[in-house]
Amino acid sequence: MENISRLKESHLSPPCMVRNLPWKIMIMPRNNPNHDRQQKSLGFFLQCNGESESTSWSCSANAELKMISQKPGGDNFARKIQHLFFMKENDWGFSHFLSWQDLMDPEKGYVKDDSILLEVHVKADAPHGVCWDSKKHTGFVGLKNQGATCYMNSLLQTLYFTNQLRKAVYLMPTESDDSSKSVPLALQRVFYELQFSDKPVGTKKLTKSFGWETLDSFMQHDVQELCRVLLDNMESKMKGTCVEGTIPKLFEGKMLSYIKCKHVEYLSSRTEPFYDIQLNVKGRKTITDSFKDYITVESLEGDNKYDAGQHGMQEAAKGVIFLSFPPVLHLQLMRFQYDPLTDTNIKINDRFEFPEKLNLEKFLQDKEKTPANYVLHAVLVHSGDNHGGHYVVYINPKGDGKWCKFDDDVVSRCTRQEGIDANFGGHDDEISVKHCTNAYMLVYIRESFIGEVLQSVDESDIPDTLIERLLEEKRVEAQKRKERTEAHLYMNVQVATDDLFCGHQGSDLLDIEKANFRNFKVKKTATLMEFLETLSENLKYPILQLRPWPFAQRTNHTYRPTVLDIDRDINKTIQELAEGEGPWTVWVETLTPESNKDRLPLFDKEGDVLLFLKRYDPRSGSISYCGHIYMPIVEPINSLIPLLCARGNFPQGTDLILYEEVKPNLVERIEDYHLPIEKGLEELMDGDIIIFQKEESEHDHYKLPTAKDYFRDLYYRVEVSFCDKNIPNDPGFTLELSQRMNYDQVANAVGHYLGVDPYLLQFFYTQGYRDGPGNPIRCTYEGTLKELLFGQPKLYYQLISIKINEFENKRQFKCTWVNCKLKEEMKLVLYPSKTGTVKDLLEDARQLVELQPDGTGKLRLMEVISNKIVCILREDVLLSEHVNVGGTKTYRVEEVPIEEASIAENEMLIPVAHYHKDILATFGVPLMLKIKHGESFSSVKDRVQKKLEVPDKEFEKFKFAVIVMGRQTYIPEDKEYYVDLDDFSPHSIQGGMPARPWLGLDHVNKTPKRSRNYYLEKAIKIHN
């Protein structure tokens, strides 16, 4: 940079291409805002892709920015940066790289002839979002990330480059597999595309074959678990095929777990297979340290002695030793571990070294046929913390030390140092931050198996049937893509023929929403003539034997065919005729074979009208389509009668009643048959519908005696969905009902569908704002179904055990039945009377539970809050006044134990509850215990142990405390304590209810605790 003393603004160097991106040095004079204006410095930045307008690119790089000393023997000044360059941060460096005073200091020699020399050394990763040809640079392609699936992409690349496995996957028979559900076929597809595609490969079909929902794909799962699940799935699918046993042959090793007694001759051992080895990272420096830790012998002594059967409790040594290592060794580094102090999973970023060549001979019980020498093949790396981050994999594809980095869709060459040393974790001396980028899984290949495991796989190793299937899939996808890109040039024409009108029982000629049209994709610029040629070819009729009639919506909301002037419009485009972009719906009239003519009759659009005919049969309550007819508009209506008799299969001369179908719920009887058609029908138009039925003297005994009655009933019909309120997301079922039905009629219809007594059903409104069950509908409801629905055609229901009229006079009461062994056996749902007592409730419960054959037969109801018994409710207590289910309060029913059937004056029933250290953290099933004034506490403890059935060894760890008003007083263990009933009597509180003491059992809660992050920790499942 010349004329440095006169530098006033920023300057950029010429570009230098690194990783296909232009990089420039940028310098500028800067004033330090914290000092006076004389404190001037030089700003020195590295700019990447600065002139690009793209917003999607990014490139991660390390760089060293240097000011070169031009004085012989002078020292250069350098500073380092690490940055992810992208559109909004396309330059990075130092606003105050060097003070102006130091820059101009002749002793340092940076300036010579008023010019300075600046140099930057850039080490950049392959960029994302720009034109980077992975295949050209490396010979390999990457995998697209469909959300947070980089964890899966790393694993798939690792399995793909296990060539022997890839070859076996290709040979799996998938000819008859469902292309959307077959995991083997989806894996074959991914492997084939990775091998032969020039662009990054998608994995959506693979995750779809796993049966994963969209959410699963966007959750970062555990790679180690996915590896096991996927290999297990492949192993089971390979059974019974020519590649059976490939997975264990490649990945299975064996270890021996043993326990050996120290003082008697006793050895217990078990041989176990393994597909991977989990190694501790915390506190270990190298893989060798972790393997030593893995086989460390544990001494079982003291409280932890081993039960050696007839030899009793013995001191023993417990450990594992490896019997064999597999050809492909997967090592899982346990970087993610549970931290009991914070009750969360954390990531361990400590430095952990692993070699390129690994010898495991010393960890084998006996030597194998070939030395246990391994070569590093893949390093799976995670950047970030436990809550997320990014996964990449470094692979040595041919085992020859030439490494590549696979970062989702981008693959690039890299050095051994980048693939191995840079992923040990720990501190980086150059940039003083703790590295959160480190290896979490390693793949080693046994030297003696390298030729076999990494054997070449070419097209000749892939079955021809598989190649043909995958290429056909590609061809179909390309065709669909072409259709999508050209979709704007076409429009959809929906074609109806007479067969669509047959069987239609509603208004108009068809249900436009449900009709099964023949769909034609027609160019918008195609002429009517070209369209007629298409119809002729597809329907197999000559052009003169078919005539299109476009459907049009009338002002009265009916949808009927209208005339099209073919002669005038023959050269108009379909887009012009359709008058819009949406589907154009057309009825195509065709010549009937029985006409014995070679063309359709001419239609005079001025003097003729197109009429459609329907027959109504009151006996079956149904409509039959009877075709169409051209009629001169001046002809009298009665001239239609002979044709209608013929079409309706009535004898000629039969008296008929004629109606005009004007619109839904408006069917008018035609009174005067002598009038011409143009005057007898209201606002005569093409597409009008005439309904006819046989005139009968007695037809009142039919449910719907006339067509007018039929269409009125049809107008009120509605499809109602019924969903079981007790089944989440129940799709339910749909019934067609009349909106004029009352409660009983609806209940009967639903009961008939379900095959249950309609009086054992309770119905609920739908809550519109959340589409869930709302308030119950009373069985005495007097309105109609229309009023029940509130415009939402959906109701909820539940099956009940008693008649609905009785049920509505009772209240639902949920409680738990606890048996004599203090196990919560079953949930009870009782329906006592709203005016009932606790005694009534217990009588209802008695019918549902199994009592002890030699027990008291007497039940009691207890109120429980937070795993503590608050009180036993008296039998005369009214349920409506004192018993309220909800919140943290629950109720429990149990049989009164024999020993508690009677309580003497010097005895008392006290509540007992479990907790651990914190008296607010109660857990488990609480109980009642009878104690006696003056008895030794050791006898109380014996009764507690007997009730809980706790082994002696475990019971020794229990502590006992009397707890009242939040204060605990431990009962001493070193001296005998005698029961004083005053300690357990209710303590009076000023202005409040007396506080009742309880006996606390302080011990460890051995019931498994549900993680607070349970929703994030779903096990990985491959459902197909």
# chains A, B, ... in the order shown; residues from 1 in each chain; ligands from 1
$ select_by_dssp --residues "stretch 738-861 of chain A" --states "strand (DSSP E or B)" --output "MDAnalysis selection string"
chainID A and resid 738 761:767 772:777 794:799 810 813:818 824:830 833 837 859:861
$ residues_around --residues "A:Phe722" --least-positions-apart "3" --cutoff "12 Å" --atoms "only C-alpha atoms" --output "compact mmCIF listing (two decimals) with C-alpha atoms, in the first residue's frame"
# COMPACT_ATOMS: atom_id res chain seq x y z
CA GLU A 719 -72.91 -34.96 7.76
CA LYS A 725 -63.86 -37.58 23.95
CA ILE A 727 -59.46 -40.88 22.88
CA ASN A 729 -57.20 -37.06 18.29
CA ASP A 730 -59.93 -39.65 17.66
CA PRO A 731 -60.83 -39.43 13.92
CA GLY A 732 -64.30 -40.69 14.85
CA PHE A 733 -67.01 -41.54 12.32
CA THR A 734 -69.50 -39.59 10.21
CA LEU A 735 -73.27 -40.01 9.97
CA GLU A 736 -75.70 -38.28 7.61
CA LEU A 737 -78.50 -36.91 9.79
CA VAL A 746 -79.58 -38.45 17.22
CA ALA A 747 -78.79 -40.78 20.16
CA ALA A 749 -78.67 -43.11 15.18
CA VAL A 750 -75.30 -43.06 16.99
CA GLY A 751 -76.25 -46.02 19.21
CA TYR A 753 -73.93 -47.23 14.43
CA LEU A 754 -71.89 -48.18 17.52
CA LEU A 761 -74.19 -42.49 25.55
CA GLN A 762 -73.40 -38.98 26.74
CA PHE A 763 -72.87 -36.21 24.18
CA PHE A 764 -70.80 -33.01 24.36
CA TYR A 765 -70.74 -29.76 22.42
CA THR A 766 -67.66 -28.85 20.36
CA GLY A 772 -62.24 -30.08 21.58
CA PRO A 773 -65.11 -31.35 23.74
CA LEU A 789 -74.23 -27.90 16.16
CA GLN A 792 -69.96 -26.88 13.46
CA PRO A 793 -70.86 -30.38 12.17
CA LYS A 794 -69.11 -32.18 15.02
CA LEU A 795 -70.10 -33.61 18.41
CA TYR A 796 -68.20 -35.59 21.05
CA TYR A 797 -69.52 -38.58 22.96
CA GLN A 798 -68.51 -41.04 25.64
$ residues_around --residues "stretch 263-278 of chain A" --least-positions-apart "3" --cutoff "6 Å" --atoms "only C-alpha atoms" --output "PDB file with C-alpha atoms, in the first residue's frame"
ATOM      1  CA  PHE A 251     -19.214 -55.090  13.382  1.00  0.00           C
ATOM      2  CA  GLU A 252     -19.580 -57.796  16.050  1.00  0.00           C
ATOM      3  CA  GLY A 253     -16.898 -58.446  18.647  1.00  0.00           C
ATOM      4  CA  LYS A 254     -17.167 -60.473  21.851  1.00  0.00           C
ATOM      5  CA  MET A 255     -16.362 -59.704  25.463  1.00  0.00           C
ATOM      6  CA  LEU A 256     -16.440 -61.797  28.624  1.00  0.00           C
ATOM      7  CA  SER A 257     -18.129 -60.364  31.744  1.00  0.00           C
ATOM      8  CA  TYR A 258     -17.056 -62.174  34.903  1.00  0.00           C
ATOM      9  CA  ILE A 259     -17.303 -62.150  38.695  1.00  0.00           C
ATOM     10  CA  LYS A 260     -14.633 -64.192  40.512  1.00  0.00           C
ATOM     11  CA  HIS A 330     -17.060 -48.405  16.277  1.00  0.00           C
ATOM     12  CA  LEU A 331     -15.854 -46.476  19.327  1.00  0.00           C
ATOM     13  CA  GLN A 332     -18.405 -44.176  20.976  1.00  0.00           C
ATOM     14  CA  LEU A 333     -16.712 -41.440  23.015  1.00  0.00           C
TER      15      LEU A 333
END
$ select_by_dssp --residues "stretch 758-939 of chain A" --states "alpha helix (DSSP H)" --output "list of chain:residue names"
A:Leu785, A:Lys786, A:Glu787, A:Leu788, A:Leu789, A:Ile804, A:Asn805, A:Glu806, A:Phe807, A:Val838, A:Lys839, A:Asp840, A:Leu841, A:Leu842, A:Glu843, A:Asp844, A:Ala845, A:Arg846, A:Leu879, A:Ser880, A:Glu881, A:His882, A:Phe937, A:Ser938, A:Ser939
$ residues_around --residues "A:Gly399" --least-positions-apart "4" --cutoff "10 Å" --atoms "only C-alpha atoms" --output "ChimeraX atom specification"
/A:375-378,395,403,444-445,447,450-451,454
$ atom_distance --atom1 "atom CA of A:Glu468" --atom2 "atom CA of A:Val169"
16.3 Å
$ residues_around --residues "A:Thr138" --least-positions-apart "6" --cutoff "12 Å" --atoms "only C-alpha atoms" --output "PDB file with N, CA, C and O atoms, in the first residue's frame"
ATOM      1  N   ALA A 126     -14.454 -25.494   2.816  1.00  0.00           N
ATOM      2  CA  ALA A 126     -15.239 -25.375   1.580  1.00  0.00           C
ATOM      3  C   ALA A 126     -16.504 -24.575   1.897  1.00  0.00           C
ATOM      4  O   ALA A 126     -17.124 -24.777   2.941  1.00  0.00           O
ATOM      5  N   TRP A 132     -19.923 -24.804  -5.403  1.00  0.00           N
ATOM      6  CA  TRP A 132     -18.771 -25.624  -4.981  1.00  0.00           C
ATOM      7  C   TRP A 132     -19.014 -27.032  -5.501  1.00  0.00           C
ATOM      8  O   TRP A 132     -19.958 -27.711  -5.091  1.00  0.00           O
ATOM      9  N   ASP A 198     -23.840 -36.351  -9.276  1.00  0.00           N
ATOM     10  CA  ASP A 198     -22.862 -35.248  -9.285  1.00  0.00           C
ATOM     11  C   ASP A 198     -23.254 -34.147  -8.315  1.00  0.00           C
ATOM     12  O   ASP A 198     -22.518 -33.186  -8.125  1.00  0.00           O
ATOM     13  N   ILE A 395     -13.415 -38.479   6.816  1.00  0.00           N
ATOM     14  CA  ILE A 395     -13.280 -39.883   6.395  1.00  0.00           C
ATOM     15  C   ILE A 395     -12.009 -40.052   5.562  1.00  0.00           C
ATOM     16  O   ILE A 395     -11.658 -39.189   4.758  1.00  0.00           O
ATOM     17  N   ASN A 396     -11.370 -41.173   5.799  1.00  0.00           N
ATOM     18  CA  ASN A 396     -10.175 -41.589   5.063  1.00  0.00           C
ATOM     19  C   ASN A 396     -10.658 -42.713   4.137  1.00  0.00           C
ATOM     20  O   ASN A 396     -10.530 -43.894   4.458  1.00  0.00           O
ATOM     21  N   PRO A 397     -11.290 -42.376   2.976  1.00  0.00           N
ATOM     22  CA  PRO A 397     -12.084 -43.350   2.206  1.00  0.00           C
ATOM     23  C   PRO A 397     -11.363 -44.629   1.842  1.00  0.00           C
ATOM     24  O   PRO A 397     -11.934 -45.712   1.891  1.00  0.00           O
ATOM     25  N   LYS A 402      -5.466 -40.209   2.977  1.00  0.00           N
ATOM     26  CA  LYS A 402      -5.971 -39.038   2.240  1.00  0.00           C
ATOM     27  C   LYS A 402      -7.381 -38.734   2.747  1.00  0.00           C
ATOM     28  O   LYS A 402      -8.323 -39.464   2.441  1.00  0.00           O
ATOM     29  N   TRP A 403      -7.471 -37.645   3.539  1.00  0.00           N
ATOM     30  CA  TRP A 403      -8.704 -37.361   4.272  1.00  0.00           C
ATOM     31  C   TRP A 403      -9.608 -36.388   3.519  1.00  0.00           C
ATOM     32  O   TRP A 403      -9.143 -35.529   2.789  1.00  0.00           O
ATOM     33  N   CYS A 404     -10.921 -36.550   3.751  1.00  0.00           N
ATOM     34  CA  CYS A 404     -11.930 -35.612   3.222  1.00  0.00           C
ATOM     35  C   CYS A 404     -12.859 -35.217   4.357  1.00  0.00           C
ATOM     36  O   CYS A 404     -13.127 -36.008   5.269  1.00  0.00           O
ATOM     37  N   LYS A 405     -13.352 -33.997   4.275  1.00  0.00           N
ATOM     38  CA  LYS A 405     -14.330 -33.503   5.255  1.00  0.00           C
ATOM     39  C   LYS A 405     -15.716 -33.520   4.614  1.00  0.00           C
ATOM     40  O   LYS A 405     -15.914 -32.940   3.553  1.00  0.00           O
ATOM     41  N   PHE A 406     -16.682 -34.183   5.267  1.00  0.00           N
ATOM     42  CA  PHE A 406     -18.055 -34.260   4.779  1.00  0.00           C
ATOM     43  C   PHE A 406     -18.930 -33.403   5.693  1.00  0.00           C
ATOM     44  O   PHE A 406     -19.237 -33.786   6.824  1.00  0.00           O
ATOM     45  N   VAL A 410     -21.524 -30.334   1.416  1.00  0.00           N
ATOM     46  CA  VAL A 410     -20.200 -29.907   0.930  1.00  0.00           C
ATOM     47  C   VAL A 410     -19.136 -30.917   1.345  1.00  0.00           C
ATOM     48  O   VAL A 410     -19.020 -31.273   2.512  1.00  0.00           O
ATOM     49  N   VAL A 411     -18.364 -31.361   0.347  1.00  0.00           N
ATOM     50  CA  VAL A 411     -17.246 -32.275   0.614  1.00  0.00           C
ATOM     51  C   VAL A 411     -15.969 -31.594   0.134  1.00  0.00           C
ATOM     52  O   VAL A 411     -15.938 -31.001  -0.952  1.00  0.00           O
ATOM     53  N   SER A 412     -14.914 -31.665   0.965  1.00  0.00           N
ATOM     54  CA  SER A 412     -13.655 -31.021   0.575  1.00  0.00           C
ATOM     55  C   SER A 412     -12.479 -31.851   1.070  1.00  0.00           C
ATOM     56  O   SER A 412     -12.591 -32.611   2.023  1.00  0.00           O
ATOM     57  N   ARG A 413     -11.354 -31.699   0.394  1.00  0.00           N
ATOM     58  CA  ARG A 413     -10.117 -32.351   0.831  1.00  0.00           C
ATOM     59  C   ARG A 413      -9.646 -31.663   2.110  1.00  0.00           C
ATOM     60  O   ARG A 413      -9.866 -30.466   2.302  1.00  0.00           O
ATOM     61  N   CYS A 414      -8.989 -32.413   2.989  1.00  0.00           N
ATOM     62  CA  CYS A 414      -8.436 -31.786   4.191  1.00  0.00           C
ATOM     63  C   CYS A 414      -7.162 -32.529   4.584  1.00  0.00           C
ATOM     64  O   CYS A 414      -6.874 -33.621   4.082  1.00  0.00           O
TER      65      CYS A 414
END
$ atom_distance --atom1 "atom CA of A:Val893" --atom2 "atom CA of A:Gly855"
14.8 Å
$ residues_around --residues "stretch 520-529 of chain A" --least-positions-apart "2" --cutoff "6 Å" --atoms "only C-alpha atoms" --output "PyMOL selection string"
chain A and resi 489-493+531-532+570-575
$ write_last_selection --atoms "C-alpha atoms" --output "short mmCIF file (atom, residue, chain, number, x, y, z; two decimals), in the first residue's frame"
data_model
loop_
_atom_site.label_atom_id
_atom_site.label_comp_id
_atom_site.auth_asym_id
_atom_site.auth_seq_id
_atom_site.Cartn_x
_atom_site.Cartn_y
_atom_site.Cartn_z
CA LEU A 489 -48.94 -23.21 -19.33
CA TYR A 490 -51.77 -25.69 -18.74
CA MET A 491 -55.18 -25.70 -17.15
CA ASN A 492 -57.33 -28.50 -15.86
CA VAL A 493 -60.55 -29.40 -17.68
CA PHE A 531 -59.72 -29.93 -27.34
CA LEU A 532 -62.49 -31.73 -29.25
CA ILE A 570 -64.21 -23.34 -32.71
CA ASN A 571 -60.96 -21.33 -32.93
CA LYS A 572 -61.14 -19.70 -29.51
CA THR A 573 -58.61 -20.82 -26.86
CA ILE A 574 -59.64 -22.86 -23.85
CA GLN A 575 -58.52 -20.02 -21.55
#
$ closest_residue --among "A:Asp876, A:Asp307, A:Asp688, A:Glu900" --to "A:Met928" --atoms "only C-alpha atoms"
A:Glu900
$ closest_residue --among "A:Lys318, A:Asn665, A:Pro542, A:Cys261" --to "A:Tyr715" --atoms "only C-alpha atoms"
A:Asn665
$ residues_around --residues "stretch 603-605 of chain A" --least-positions-apart "4" --cutoff "9 Å" --atoms "only C-alpha atoms" --output "ChimeraX atom specification"
/A:563,565,609-610,630,632,686
$ write_last_selection --atoms "N, CA and C atoms" --output "compact mmCIF listing (two decimals), in the first residue's frame"
# COMPACT_ATOMS: atom_id res chain seq x y z
N VAL A 563 -75.19 -23.83 -23.02
CA VAL A 563 -74.87 -24.06 -24.42
C VAL A 563 -73.55 -23.39 -24.80
N ASP A 565 -71.56 -22.24 -28.38
CA ASP A 565 -71.70 -22.09 -29.83
C ASP A 565 -70.43 -22.61 -30.50
N VAL A 609 -84.51 -26.16 -26.10
CA VAL A 609 -83.99 -26.09 -24.73
C VAL A 609 -83.50 -27.49 -24.33
N LEU A 610 -82.39 -27.52 -23.58
CA LEU A 610 -81.84 -28.79 -23.08
C LEU A 610 -82.44 -29.04 -21.70
N TYR A 630 -83.64 -32.68 -26.03
CA TYR A 630 -83.80 -31.36 -26.63
C TYR A 630 -85.30 -31.20 -26.90
N PRO A 632 -88.34 -28.35 -28.35
CA PRO A 632 -88.68 -27.00 -28.82
C PRO A 632 -89.44 -26.26 -27.71
N ASP A 686 -81.34 -23.53 -20.58
CA ASP A 686 -80.72 -24.82 -20.84
C ASP A 686 -80.20 -25.38 -19.51
$ closest_residue --among "A:Asp1002, A:Glu956, A:Glu418, A:Asp350" --to "A:His914" --atoms "only C-alpha atoms"
A:Asp1002
$ closest_residue --among "A:Leu12, A:Cys815, A:Leu470, A:Met313" --to "A:Met26" --atoms "only C-alpha atoms"
A:Leu12
$ closest_residue --among "A:Ile898, A:Asp75, A:Lys398, A:Lys597" --to "A:Pro853" --atoms "only C-alpha atoms"
A:Ile898
$ atom_distance --atom1 "atom CA of A:Phe813" --atom2 "atom CA of A:Leu830"
5.0 Å
